[in-house]
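Asks: What follows is target_36.pdb, PDB, C-alpha atoms.
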ATOM      1  CA  MET A   1      -9.265  16.381   1.891
ATOM      2  CA  LYS A   2     -11.561  13.893   3.639
ATOM      3  CA  LYS A   3     -12.505  16.568   6.175
ATOM      4  CA  ILE A   4     -13.446  19.025   3.431
ATOM      5  CA  LEU A   5     -15.500  16.380   1.670
ATOM      6  CA  PHE A   6     -17.192  15.455   4.946
ATOM      7  CA  VAL A   7     -18.016  19.096   5.778
ATOM      8  CA  PHE A   8     -19.320  19.679   2.243
ATOM      9  CA  THR A   9     -21.523  16.554   2.386
ATOM     10  CA  ALA A  10     -22.805  17.516   5.830
ATOM     11  CA  CYS A  11     -23.698  21.033   4.600
ATOM     12  CA  CYS A  12     -25.519  19.608   1.569
ATOM     13  CA  ALA A  13     -27.453  17.163   3.744
ATOM     14  CA  MET A  14     -28.414  19.937   6.151
ATOM     15  CA  ALA A  15     -29.574  22.167   3.290
ATOM     16  CA  MET A  16     -31.678  19.349   1.806
ATOM     17  CA  LEU A  17     -33.171  18.597   5.207
ATOM     18  CA  LEU A  18     -34.145  22.232   5.769
ATOM     19  CA  THR A  19     -35.667  22.673   2.315
ATOM     20  CA  SER A  20     -37.573  19.384   2.414
ATOM     21  CA  CYS A  21     -39.208  20.391   5.715
ATOM     22  CA  HIS A  22     -40.527  23.582   4.171
ATOM     23  CA  LYS A  23     -44.276  23.344   3.737
ATOM     24  CA  ASP A  24     -46.028  25.161   0.885
ATOM     25  CA  ALA A  25     -48.213  28.017   2.029
ATOM     26  CA  GLU A  26     -51.870  27.084   2.285
ATOM     27  CA  LEU A  27     -54.189  28.682  -0.239
ATOM     28  CA  THR A  28     -57.056  30.895   0.860
ATOM     29  CA  PRO A  29     -60.574  29.918  -0.230
ATOM     30  CA  GLU A  30     -60.499  32.825  -2.736
ATOM     31  CA  GLN A  31     -57.223  31.549  -4.246
ATOM     32  CA  GLU A  32     -58.591  28.005  -4.507
ATOM     33  CA  LYS A  33     -61.741  29.266  -6.263
ATOM     34  CA  THR A  34     -59.631  31.437  -8.594
ATOM     35  CA  ILE A  35     -57.613  28.376  -9.647
ATOM     36  CA  ALA A  36     -60.847  26.461 -10.288
ATOM     37  CA  VAL A  37     -62.339  29.313 -12.363
ATOM     38  CA  ARG A  38     -59.189  29.563 -14.474
ATOM     39  CA  LYS A  39     -59.107  25.798 -15.116
ATOM     40  CA  LEU A  40     -62.764  25.775 -16.101
ATOM     41  CA  TYR A  41     -63.012  28.897 -18.275
ATOM     42  CA  TYR A  42     -59.576  29.888 -19.612
ATOM     43  CA  GLU A  43     -59.850  27.869 -22.847
ATOM     44  CA  ARG A  44     -63.464  28.947 -23.378
ATOM     45  CA  VAL A  45     -62.655  32.646 -23.091
ATOM     46  CA  LEU A  46     -59.719  32.618 -25.536
ATOM     47  CA  GLY A  47     -60.429  34.254 -28.894
ATOM     48  CA  GLN A  48     -62.407  37.185 -30.246
ATOM     49  CA  TRP A  49     -65.663  38.453 -28.777
ATOM     50  CA  TYR A  50     -67.774  41.498 -29.598
ATOM     51  CA  TYR A  51     -70.666  43.481 -28.154
ATOM     52  CA  GLU A  52     -72.714  45.926 -30.200
ATOM     53  CA  GLU A  53     -75.515  48.178 -28.954
ATOM     54  CA  GLN A  54     -77.457  50.786 -30.904
ATOM     55  CA  ASP A  55     -80.531  52.923 -30.404
ATOM     56  CA  GLU A  56     -81.761  55.832 -32.484
ATOM     57  CA  LEU A  57     -79.222  58.309 -31.059
ATOM     58  CA  SER A  58     -76.214  56.308 -29.855
ATOM     59  CA  TYR A  59     -73.968  53.439 -30.888
ATOM     60  CA  ARG A  60     -71.443  51.405 -28.909
ATOM     61  CA  TYR A  61     -69.099  48.631 -30.064
ATOM     62  CA  VAL A  62     -66.618  46.711 -27.898
ATOM     63  CA  SER A  63     -64.418  43.911 -29.182
ATOM     64  CA  TYR A  64     -62.053  41.862 -27.034
ATOM     65  CA  ASN A  65     -59.386  39.583 -28.443
ATOM     66  CA  PHE A  66     -58.341  37.409 -25.489
ATOM     67  CA  LYS A  67     -54.964  35.933 -26.376
ATOM     68  CA  GLU A  68     -52.697  33.313 -24.764
ATOM     69  CA  LYS A  69     -50.684  34.261 -21.684
ATOM     70  CA  GLY A  70     -53.140  36.978 -20.673
ATOM     71  CA  LYS A  71     -52.542  39.284 -23.635
ATOM     72  CA  LEU A  72     -55.519  41.427 -24.702
ATOM     73  CA  GLU A  73     -56.423  43.665 -27.618
ATOM     74  CA  THR A  74     -59.518  45.853 -27.214
ATOM     75  CA  HIS A  75     -61.361  47.800 -29.920
ATOM     76  CA  GLU A  76     -63.900  50.360 -28.706
ATOM     77  CA  LYS A  77     -66.039  52.602 -30.863
ATOM     78  CA  THR A  78     -68.834  55.008 -29.956
ATOM     79  CA  ALA A  79     -70.936  57.273 -32.139
ATOM     80  CA  SER A  80     -73.929  59.536 -31.739
ATOM     81  CA  ARG A  81     -76.358  61.487 -33.859
ATOM     82  CA  LYS A  82     -79.031  64.111 -33.345
ATOM     83  CA  ARG A  83     -82.764  64.016 -33.861
ATOM     84  CA  ILE A  84     -83.882  66.768 -36.215
ATOM     85  CA  LYS A  85     -87.559  67.623 -36.076
ATOM     86  CA  ASP A  86     -89.069  69.278 -39.160
ATOM     87  CA  GLY A  87     -92.692  69.917 -38.282
ATOM     88  CA  GLU A  88     -94.279  66.498 -37.884
ATOM     89  CA  LYS A  89     -91.411  64.734 -39.617
ATOM     90  CA  VAL A  90     -88.404  63.455 -37.664
ATOM     91  CA  ASN A  91     -85.008  63.011 -39.354
ATOM     92  CA  TYR A  92     -81.604  62.146 -37.973
ATOM     93  CA  SER A  93     -78.190  63.658 -38.573
ATOM     94  CA  ASP A  94     -75.317  61.504 -39.814
ATOM     95  CA  TRP A  95     -73.502  59.425 -37.218
ATOM     96  CA  GLU A  96     -70.612  61.280 -35.588
ATOM     97  CA  VAL A  97     -67.862  58.973 -34.331
ATOM     98  CA  LYS A  98     -66.852  60.022 -30.817
ATOM     99  CA  THR A  99     -64.209  57.354 -30.123
ATOM    100  CA  ASP A 100     -62.548  54.656 -32.200
ATOM    101  CA  THR A 101     -59.603  53.177 -30.329
ATOM    102  CA  ILE A 102     -57.612  49.969 -30.323
ATOM    103  CA  THR A 103     -55.595  49.312 -27.175
ATOM    104  CA  LYS A 104     -53.359  46.562 -25.867
ATOM    105  CA  GLY A 105     -53.439  45.237 -22.349
ATOM    106  CA  SER A 106     -53.955  42.084 -20.340
ATOM    107  CA  TRP A 107     -56.751  39.915 -18.981
ATOM    108  CA  SER A 108     -57.278  37.457 -16.168
ATOM    109  CA  LEU A 109     -59.943  35.239 -14.630
ATOM    110  CA  GLY A 110     -60.622  34.684 -10.960
ATOM    111  CA  TRP A 111     -62.963  34.767  -7.999
ATOM    112  CA  LYS A 112     -63.869  37.833  -5.926
ATOM    113  CA  GLU A 113     -64.853  36.733  -2.436
ATOM    114  CA  GLU A 114     -66.323  40.139  -1.527
ATOM    115  CA  TYR A 115     -68.823  39.886  -4.428
ATOM    116  CA  GLY A 116     -69.220  36.127  -4.212
ATOM    117  CA  GLU A 117     -68.751  35.643  -7.930
ATOM    118  CA  MET A 118     -66.352  34.934 -10.781
ATOM    119  CA  TYR A 119     -64.665  37.819 -12.552
ATOM    120  CA  LEU A 120     -62.883  38.572 -15.786
ATOM    121  CA  SER A 121     -60.515  41.523 -15.429
ATOM    122  CA  THR A 122     -59.241  43.593 -18.322
ATOM    123  CA  SER A 123     -56.515  46.201 -18.250
ATOM    124  CA  LYS A 124     -55.265  48.698 -20.773
ATOM    125  CA  GLU A 125     -52.645  51.389 -20.847
ATOM    126  CA  ASP A 126     -54.076  54.880 -20.384
ATOM    127  CA  GLY A 127     -51.397  56.602 -22.474
ATOM    128  CA  TYR A 128     -49.715  58.094 -19.401
ATOM    129  CA  GLY A 129     -47.795  55.023 -18.267
ATOM    130  CA  HIS A 130     -50.578  53.663 -16.055
ATOM    131  CA  SER A 131     -52.845  50.670 -16.438
ATOM    132  CA  VAL A 132     -56.594  50.997 -16.063
ATOM    133  CA  VAL A 133     -58.113  47.780 -14.689
ATOM    134  CA  GLU A 134     -61.802  46.883 -14.931
ATOM    135  CA  TYR A 135     -63.400  43.958 -13.138
ATOM    136  CA  HIS A 136     -66.359  42.375 -14.895
ATOM    137  CA  GLY A 137     -68.613  39.811 -13.255
ATOM    138  CA  LEU A 138     -68.373  36.656 -15.363
ATOM    139  CA  GLY A 139     -71.945  35.480 -15.890
ATOM    140  CA  TYR A 140     -71.221  32.541 -18.148
ATOM    141  CA  VAL A 141     -69.215  31.452 -21.166
ATOM    142  CA  SER A 142     -70.416  29.058 -23.849
ATOM    143  CA  LYS A 143     -69.038  28.253 -27.269
ATOM    144  CA  ASN A 144     -70.628  31.362 -28.811
ATOM    145  CA  GLU A 145     -71.689  33.602 -25.916
ATOM    146  CA  LEU A 146     -69.913  35.452 -23.123
ATOM    147  CA  VAL A 147     -71.952  37.372 -20.542
ATOM    148  CA  LEU A 148     -70.215  40.076 -18.505
ATOM    149  CA  LYS A 149     -71.606  42.254 -15.748
ATOM    150  CA  TYR A 150     -69.770  45.420 -14.849
ATOM    151  CA  PHE A 151     -69.264  45.637 -11.083
ATOM    152  CA  GLY A 152     -71.040  48.632  -9.614
ATOM    153  CA  THR A 153     -73.715  48.803 -12.337
ATOM    154  CA  GLY A 154     -76.369  46.678 -10.666
ATOM    155  CA  THR A 155     -77.876  44.219 -13.087
ATOM    156  CA  TYR A 156     -76.462  45.714 -16.315
ATOM    157  CA  THR A 157     -75.028  42.856 -18.381
ATOM    158  CA  MET A 158     -73.456  42.687 -21.803
ATOM    159  CA  LEU A 159     -73.865  39.705 -24.119
ATOM    160  CA  PHE A 160     -70.718  39.254 -26.196
ATOM    161  CA  LYS A 161     -70.760  37.025 -29.259
ATOM    162  CA  ARG A 162     -67.893  35.042 -30.729
ATOM    163  CA  VAL A 163     -65.781  36.458 -33.596
ATOM    164  CA  ALA A 164     -65.800  40.205 -33.882
ATOM    165  CA  PRO A 165     -67.185  41.682 -37.104
ATOM    166  CA  ILE A 166     -66.267  45.113 -38.353
ATOM    167  CA  PRO A 167     -68.347  47.746 -36.502
ATOM    168  CA  SER A 168     -71.560  48.461 -38.402
ATOM    169  CA  ILE A 169     -71.112  52.232 -38.009
TER     170      ILE A 169
END
Please lay out the structure from this file as structure tokens.

Replies:
Amino acid sequence: MKKILFVFTACCAMAMLLTSCHKDAELTPEQEKTIAVRKLYYERVLGQWYYEEQDELSYRYVSYNFKEKGKLETHEKTASRKRIKDGEKVNYSDWEVKTDTITKGSWSLGWKEEYGEMYLSTSKEDGYGHSVVEYHGLGYVSKNELVLKYFGTGTYTMLFKRVAPIPSI
């Protein structure tokens, strides 16, 4: 019995020794920056944000509801209308809604070393069992404003405001 107890104790000690010598993997600079971005901006990003853009022929509305644990609900609506010229007078047709969708997905914050900037990623299901992920450059976040830049669009930025109203069209 003493031999069994001795062997068991020796095995436990050896296991503890091996696991205590294990060193955590070192983080890359990108991983360290991602952790810093998440600590700084996670709480600020939480909640509802909307972007609305309209000119005489087109309308676009995007609303994000960034929820705890990376859950996301997105509402997107687009509409268009035509210019109708009657001699010198210009009229417009009624707005025709092209898309009006609400989707569920996820979101995350981080740092993209290749672009040298912070990002906010959003994903949504495409209806075919796949997720579509978009990376947005995170310009800044304040109490009432969120500025996103879509990677690959140059300098095109979108100013989101806090608390999403009902689309105006």

Asks: Suppose you want the space between CA of Glu73 (chain A) and CA of Gly105 (chain A); what is it in Å?

Replies: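 Between CA of Glu73 (chain A) and CA of Gly105 (chain A) the gap is 6.3 Å.
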
Asks: Residue by residue, what does the PyMOL selection byres ((chain A and resi 102) around 6) grab here? Present the result as a PyMOL selection string.

Replies: chain A and resi 74-75+101+103

Asks: Expand the PyMOL selection byres ((chain A and resi 42) around 12) into the explicit residue set it covers here, and present it as a VMD selection string.

Replies: chain A and resid 34 to 41 43 to 47 66 to 70 107 to 110 119 to 120 138 141 to 142

Asks: Find the residues near Val133 (chain A): any atom within 8 Å, counting all atoms listed in the file, skip ones fewer than 2 places away on the same chain, and give them as a short mmCIF file (atom, residue, chain, number, x, y, z; two decimals) with C-alpha atoms, in the frame of the given file.

Replies:
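part_4.cif written:
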data_model
loop_
_atom_site.label_atom_id
_atom_site.label_comp_id
_atom_site.auth_asym_id
_atom_site.auth_seq_id
_atom_site.Cartn_x
_atom_site.Cartn_y
_atom_site.Cartn_z
CA SER A 121 -60.52 41.52 -15.43
CA THR A 122 -59.24 43.59 -18.32
CA SER A 123 -56.52 46.20 -18.25
CA LYS A 124 -55.26 48.70 -20.77
CA SER A 131 -52.84 50.67 -16.44
CA TYR A 135 -63.40 43.96 -13.14
#

Asks: Can you pull out the residues contacting Gln54 (chain A)? Cut-off 10 Å, using only C-alpha atoms, and skip same-chain residues under 3 positions away; I want them as a PyMOL selection string.

Replies: chain A and resi 57-61+78-80+168-169
